[in-house]
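Below: one structure, written as structure tokens.
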Amino acid sequence: MTATRILVPSDDIDAGTLGIVLGYVQKICEKQSDPVEEVVLLVPVKQSIKHTGLASALGDAISKKLHDGQAVTLLPGVSMRLETMKTLRWLTKRCVVICAYADEKMLNLIDGESKLVGVVAIPHAPDALDQWKKTWSVHVHGLAQQPIAQKLISDPVVEQAFLGLTSTTNISRSVLHPSDKEHAELVLRILRIKKHTFDTQDLRAWAVRHQWHPDVADELAALATRISNLRTKPTLKRAEDGERLYQRWVEKASE
């Protein structure tokens, strides 16, 4: 099941904002058929828990416990611990992550985690999470009309090409395997030869939405940028194989 993603716009994190965030966390926990095991408060650096509005909103006692590495009870049966961009390695339990003073890099750190049940993000600046909002159907607190999920790849042939690539690629790794990278380059070369175009950042967002690890989606976008910027039309070692693959995408796109 796709994780629930919520954005709470705020100039800073005060007691009111924190209350809204914790309300969303509780709702996410209550919706789960399997219980949420913990909440992670993710901040840019450890000092964020001592010298920001977040520290005041939490109160001295809770801030100190979190800073010192202790967990605090958030909801009945659910505790919260502190992590930073440097200390978070992976999520080992079913959890909701509160991303405080968040940017795209922070969200990329957790978007590929299989144990992620929900995210409530408070951006560090108004437009800091625009790409994240575009990638996912993010619920934005305070909007009367919520954003509609965008179709990131409008060309059906291009989408079929990347659906096929997704089915044959180990998308859970943080680095593309050499054979997967070779196949991705083949797909991109064929699309360039056939004069199909697409936005590489939209491709990255599409890949993340289709469960690619964010780092591997970055690699795919970088490959796409390099091939799209070639001065001359690329060539293939086996043009007939490329043509057969392309015709398969065309057929699937017309179904």
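Just so we're on the same page: first chain in the structure tokens is A, next is B, and so on; residues restart at 1 for each chain, and ligands are numbered from 1 in the order they show up.
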
- Task: From a DSSP pass on the backbone, collect the residues of segment 37-226 of chain A flagged as helix (DSSP H, G or I) and hand them back as a count of residues only.
- Result: 84

- Message: For segment 144-157 of chain A, find every residue with an atom within 7 Å (counting only C-alpha atoms), except residues of its own chain fewer than 2 positions away, and show them as an MDAnalysis selection string.
- Response: chainID A and resid 134 136:137 139:140 142 159:161 202:203 206 249:250 253

Compile a residue-level contact table for segment 2-60 of chain A against segment 111-124 of chain A at a cut-off of 7 Å, reporting for every qualifying residue the shortest atom pair and its distance in Å to one decimal, with only C-alpha atoms counted, rows ordered by chain and ascending number, as CSV.
residue,atom,partner,partner_atom,distance
A:Ala3,CA,A:Val117,CA,4.7
A:Thr4,CA,A:Gly118,CA,4.4
A:Arg5,CA,A:Val119,CA,4.8
A:Ile6,CA,A:Val120,CA,4.8
A:Leu7,CA,A:Ala121,CA,4.9
A:Val8,CA,A:Ile122,CA,5.2
A:Pro9,CA,A:Ile122,CA,5.9
A:Ser10,CA,A:Ile122,CA,6.7
A:Val21,CA,A:Val120,CA,6.6
A:Ile28,CA,A:Gly118,CA,6.7

Export, as a tab-separated table (two decimals), in the first residue's frame, the selected residues with N, CA and C atoms.
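Done, and the output landed in out-v2.tsv:
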chain	number	residue	atom	x	y	z
A	3	ALA	N	2.27	4.80	0.86
A	3	ALA	CA	2.29	5.58	2.10
A	3	ALA	C	1.43	6.84	1.94
A	4	THR	N	0.80	7.24	3.03
A	4	THR	CA	0.06	8.51	3.06
A	4	THR	C	1.05	9.66	3.17
A	5	ARG	N	0.88	10.68	2.34
A	5	ARG	CA	1.81	11.81	2.35
A	5	ARG	C	1.03	13.11	2.53
A	6	ILE	N	1.44	13.88	3.53
A	6	ILE	CA	0.74	15.10	3.90
A	6	ILE	C	1.75	16.23	4.05
A	7	LEU	N	1.39	17.40	3.55
A	7	LEU	CA	2.23	18.59	3.69
A	7	LEU	C	1.49	19.61	4.54
A	8	VAL	N	2.16	20.12	5.55
A	8	VAL	CA	1.59	21.15	6.42
A	8	VAL	C	2.41	22.42	6.23
A	9	PRO	N	1.93	23.37	5.40
A	9	PRO	CA	2.67	24.62	5.19
A	9	PRO	C	2.73	25.44	6.47
A	10	SER	N	3.90	26.01	6.75
A	10	SER	CA	4.04	26.83	7.95
A	10	SER	C	5.32	27.65	7.85
A	21	VAL	N	0.14	18.66	13.00
A	21	VAL	CA	0.98	17.54	12.54
A	21	VAL	C	0.65	16.27	13.33
A	28	ILE	N	-3.32	8.81	10.59
A	28	ILE	CA	-2.62	7.80	9.79
A	28	ILE	C	-2.52	6.49	10.57

Check the DSSP output for the backbone and give back, as a short mmCIF file (atom, residue, chain, number, x, y, z; two decimals) with N, CA and C atoms, in the first residue's frame, the residues of segment 37-188 of chain A in strand (DSSP E).
data_model
loop_
_atom_site.label_atom_id
_atom_site.label_comp_id
_atom_site.auth_asym_id
_atom_site.auth_seq_id
_atom_site.Cartn_x
_atom_site.Cartn_y
_atom_site.Cartn_z
N GLU A 38 6.21 2.78 15.33
CA GLU A 38 6.89 3.95 15.88
C GLU A 38 6.71 5.15 14.98
N VAL A 39 7.02 6.31 15.55
CA VAL A 39 7.06 7.56 14.79
C VAL A 39 8.49 8.07 14.85
N VAL A 40 8.99 8.53 13.71
CA VAL A 40 10.34 9.10 13.64
C VAL A 40 10.21 10.59 13.37
N LEU A 41 10.82 11.39 14.21
CA LEU A 41 10.91 12.83 13.97
C LEU A 41 12.25 13.08 13.29
N LEU A 42 12.19 13.46 12.02
CA LEU A 42 13.39 13.66 11.22
C LEU A 42 13.66 15.15 11.06
N VAL A 43 14.85 15.58 11.47
CA VAL A 43 15.23 16.99 11.41
C VAL A 43 16.54 17.11 10.63
N VAL A 72 10.05 9.04 23.28
CA VAL A 72 8.97 9.59 24.09
C VAL A 72 7.66 8.98 23.61
N THR A 73 6.71 8.83 24.50
CA THR A 73 5.40 8.28 24.13
C THR A 73 4.59 9.35 23.41
N LEU A 74 4.15 9.00 22.22
CA LEU A 74 3.39 9.95 21.41
C LEU A 74 1.90 9.63 21.47
N LEU A 75 1.58 8.36 21.23
CA LEU A 75 0.20 7.86 21.28
C LEU A 75 0.23 6.55 22.07
N VAL A 78 2.59 3.81 20.91
CA VAL A 78 3.45 4.32 19.83
C VAL A 78 4.43 5.34 20.42
N SER A 79 5.72 5.09 20.23
CA SER A 79 6.73 6.02 20.72
C SER A 79 7.34 6.79 19.55
N MET A 80 8.01 7.89 19.87
CA MET A 80 8.66 8.72 18.86
C MET A 80 10.13 8.89 19.21
N ARG A 81 10.98 8.75 18.21
CA ARG A 81 12.41 8.97 18.41
C ARG A 81 12.91 9.99 17.40
N LEU A 82 14.06 10.55 17.67
CA LEU A 82 14.65 11.59 16.83
C LEU A 82 15.70 11.00 15.90
N GLU A 83 15.70 11.44 14.66
CA GLU A 83 16.76 11.12 13.71
C GLU A 83 17.11 12.39 12.94
N THR A 84 18.34 12.43 12.43
CA THR A 84 18.77 13.55 11.60
C THR A 84 19.13 13.02 10.21
N CYS A 95 6.40 2.62 10.27
CA CYS A 95 6.46 3.91 10.96
C CYS A 95 5.88 5.05 10.14
N VAL A 96 5.56 6.10 10.87
CA VAL A 96 5.22 7.39 10.29
C VAL A 96 6.38 8.33 10.56
N VAL A 97 6.79 9.09 9.56
CA VAL A 97 7.91 10.02 9.71
C VAL A 97 7.39 11.45 9.66
N ILE A 98 7.76 12.22 10.67
CA ILE A 98 7.51 13.66 10.67
C ILE A 98 8.78 14.34 10.17
N CYS A 99 8.69 15.00 9.03
CA CYS A 99 9.85 15.67 8.45
C CYS A 99 9.75 17.16 8.78
N ALA A 100 10.60 17.62 9.68
CA ALA A 100 10.57 19.02 10.12
C ALA A 100 11.62 19.83 9.37
N TYR A 101 11.22 21.03 8.92
CA TYR A 101 12.11 21.91 8.15
C TYR A 101 12.63 21.15 6.93
N ALA A 102 11.70 20.54 6.19
CA ALA A 102 12.05 19.58 5.15
C ALA A 102 12.40 20.24 3.83
N LEU A 116 7.74 2.46 5.34
CA LEU A 116 7.12 3.78 5.48
C LEU A 116 5.62 3.68 5.33
N VAL A 117 4.89 4.05 6.38
CA VAL A 117 3.43 4.04 6.37
C VAL A 117 2.87 5.41 6.02
N GLY A 118 3.53 6.46 6.51
CA GLY A 118 3.05 7.81 6.25
C GLY A 118 4.12 8.84 6.49
N VAL A 119 3.95 10.00 5.87
CA VAL A 119 4.87 11.13 6.04
C VAL A 119 4.04 12.38 6.28
N VAL A 120 4.43 13.14 7.28
CA VAL A 120 3.86 14.48 7.47
C VAL A 120 5.04 15.44 7.40
N ALA A 121 5.05 16.29 6.39
CA ALA A 121 6.21 17.15 6.15
C ALA A 121 5.87 18.61 6.37
N ILE A 122 6.78 19.32 7.04
CA ILE A 122 6.67 20.77 7.21
C ILE A 122 7.87 21.37 6.48
N PRO A 123 7.67 22.03 5.34
CA PRO A 123 8.79 22.51 4.54
C PRO A 123 9.54 23.66 5.21
N HIS A 139 -1.54 15.36 0.19
CA HIS A 139 -2.62 16.16 0.79
C HIS A 139 -1.99 17.40 1.42
N VAL A 140 -2.44 18.57 1.00
CA VAL A 140 -1.89 19.82 1.51
C VAL A 140 -2.87 20.40 2.53
#

Closest contacts (segment 212-253 of chain A/segment 190-193 of chain A, max 10 Å, only C-alpha atoms) as CSV:
residue,atom,partner,partner_atom,distance
A:Ala224,CA,A:Arg192,CA,9.4
A:Ile227,CA,A:Arg192,CA,7.5
A:Ser228,CA,A:Arg192,CA,6.7
A:Asn229,CA,A:Arg192,CA,9.9
A:Leu230,CA,A:Arg192,CA,9.4
A:Thr232,CA,A:Ile193,CA,9.7
A:Lys233,CA,A:Ile193,CA,6.1
A:Pro234,CA,A:Ile193,CA,6.5
A:Thr235,CA,A:Ile193,CA,7.8
A:Leu236,CA,A:Ile190,CA,8.0
A:Ala239,CA,A:Ile190,CA,9.1
A:Gly242,CA,A:Ile190,CA,6.4
A:Glu243,CA,A:Ile190,CA,8.0
A:Leu245,CA,A:Ile190,CA,8.7
A:Tyr246,CA,A:Ile190,CA,7.1

- Task: For Ile171 of chain A, please output as JSON, numbers by chain all residues within 12 Å (counting only C-alpha atoms; exclusion window: fewer than 3 positions along the same chain).
- Result: {"A": [112, 162, 163, 165, 166, 167, 168, 174, 175, 176, 177, 180, 181, 184, 207, 208, 209, 210, 211, 212, 213, 214, 215, 216, 217, 218, 219, 220]}

Can you write out the residues you just picked, keeping N, CA and C atoms, as a CSV table (one decimal), in the first residue's frame?
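For reference, result_31.csv as written:
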chain,number,residue,atom,x,y,z
A,112,GLY,N,12.0,5.9,-0.5
A,112,GLY,CA,12.1,4.5,-1.0
A,112,GLY,C,12.0,3.4,0.1
A,162,PHE,N,9.0,2.8,-20.4
A,162,PHE,CA,9.5,2.8,-19.0
A,162,PHE,C,8.8,1.8,-18.1
A,163,LEU,N,7.6,1.5,-18.4
A,163,LEU,CA,6.9,0.4,-17.7
A,163,LEU,C,7.6,-0.9,-17.9
A,165,LEU,N,10.8,-1.2,-18.8
A,165,LEU,CA,12.1,-1.1,-18.1
A,165,LEU,C,11.9,-1.3,-16.6
A,166,THR,N,10.8,-0.8,-16.0
A,166,THR,CA,10.6,-1.0,-14.6
A,166,THR,C,10.4,-2.5,-14.3
A,167,SER,N,9.8,-3.2,-15.1
A,167,SER,CA,9.5,-4.7,-14.9
A,167,SER,C,10.8,-5.5,-14.9
A,168,THR,N,11.8,-5.0,-15.6
A,168,THR,CA,13.0,-5.8,-15.7
A,168,THR,C,14.2,-5.3,-14.9
A,174,SER,N,19.9,1.0,-4.4
A,174,SER,CA,20.2,2.4,-4.4
A,174,SER,C,21.2,2.7,-5.5
A,175,VAL,N,21.6,1.7,-6.2
A,175,VAL,CA,22.5,1.9,-7.4
A,175,VAL,C,22.1,1.0,-8.5
A,176,LEU,N,22.0,1.5,-9.7
A,176,LEU,CA,21.7,0.7,-10.9
A,176,LEU,C,22.7,-0.4,-11.1
A,177,HIS,N,22.3,-1.6,-11.2
A,177,HIS,CA,23.2,-2.7,-11.6
A,177,HIS,C,23.7,-2.4,-13.0
A,180,ASP,N,21.3,-3.4,-15.7
A,180,ASP,CA,20.1,-2.6,-15.7
A,180,ASP,C,20.4,-1.2,-16.3
A,181,LYS,N,21.6,-0.7,-16.0
A,181,LYS,CA,22.0,0.6,-16.6
A,181,LYS,C,22.1,0.5,-18.1
A,184,ALA,N,18.7,0.4,-19.5
A,184,ALA,CA,18.1,1.7,-19.5
A,184,ALA,C,18.6,2.6,-20.6
A,207,ALA,N,9.3,7.6,-12.0
A,207,ALA,CA,10.0,6.5,-11.5
A,207,ALA,C,9.8,6.3,-10.0
A,208,VAL,N,10.0,7.4,-9.3
A,208,VAL,CA,9.8,7.3,-7.8
A,208,VAL,C,8.3,6.9,-7.5
A,209,ARG,N,7.4,7.4,-8.2
A,209,ARG,CA,6.0,7.1,-8.0
A,209,ARG,C,5.8,5.6,-8.3
A,210,HIS,N,6.6,5.0,-9.2
A,210,HIS,CA,6.5,3.6,-9.6
A,210,HIS,C,7.5,2.7,-8.8
A,211,GLN,N,7.8,3.2,-7.6
A,211,GLN,CA,8.5,2.5,-6.6
A,211,GLN,C,10.0,2.3,-6.9
A,212,TRP,N,10.6,3.1,-7.8
A,212,TRP,CA,12.0,3.1,-8.0
A,212,TRP,C,12.7,3.8,-6.7
A,213,HIS,N,13.8,3.2,-6.3
A,213,HIS,CA,14.5,3.9,-5.2
A,213,HIS,C,14.9,5.3,-5.7
A,214,PRO,N,14.7,6.3,-4.9
A,214,PRO,CA,15.0,7.7,-5.3
A,214,PRO,C,16.4,7.9,-5.9
A,215,ASP,N,17.4,7.2,-5.4
A,215,ASP,CA,18.8,7.3,-5.9
A,215,ASP,C,18.9,6.7,-7.3
A,216,VAL,N,18.2,5.6,-7.5
A,216,VAL,CA,18.2,5.0,-8.8
A,216,VAL,C,17.4,5.8,-9.8
A,217,ALA,N,16.3,6.4,-9.3
A,217,ALA,CA,15.6,7.4,-10.2
A,217,ALA,C,16.4,8.5,-10.6
A,218,ASP,N,17.3,9.0,-9.7
A,218,ASP,CA,18.3,10.1,-10.1
A,218,ASP,C,19.2,9.6,-11.2
A,219,GLU,N,19.7,8.3,-11.1
A,219,GLU,CA,20.6,7.8,-12.1
A,219,GLU,C,19.8,7.8,-13.5
A,220,LEU,N,18.6,7.3,-13.5
A,220,LEU,CA,17.8,7.2,-14.7
A,220,LEU,C,17.6,8.6,-15.3

- Message: Report, in Å with one decimal, the straight-line distance from atom CA of Ala61 of chain A to atom CA of Pro35 of chain A.
- Response: 27.2 Å

- Of A:His196, A:Cys29, A:Ile49, A:Ala222, the one nearest to Lys64 of chain A when counting only C-alpha atoms is A:Ile49

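Within 6 Å of segment 103-107 of chain A, once only C-alpha atoms are used and residues closer than 2 positions along the same chain are dropped, the contacting residues are Leu109, Ile110, Asp111, Ala128 and Leu129 of chain A.
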
Take the residues from that selection and write them out as a JSON list (two decimals), in the first residue's frame, keeping C-alpha atoms.
[["chain", "number", "residue", "atom", "x", "y", "z"],
["A", 109, "LEU", "CA", 15.99, 9.92, 2.08],
["A", 110, "ILE", "CA", 12.78, 8.14, 3.12],
["A", 111, "ASP", "CA", 10.65, 7.85, -0.03],
["A", 128, "ALA", "CA", 10.81, 23.66, -0.92],
["A", 129, "LEU", "CA", 8.74, 20.55, -1.66]]
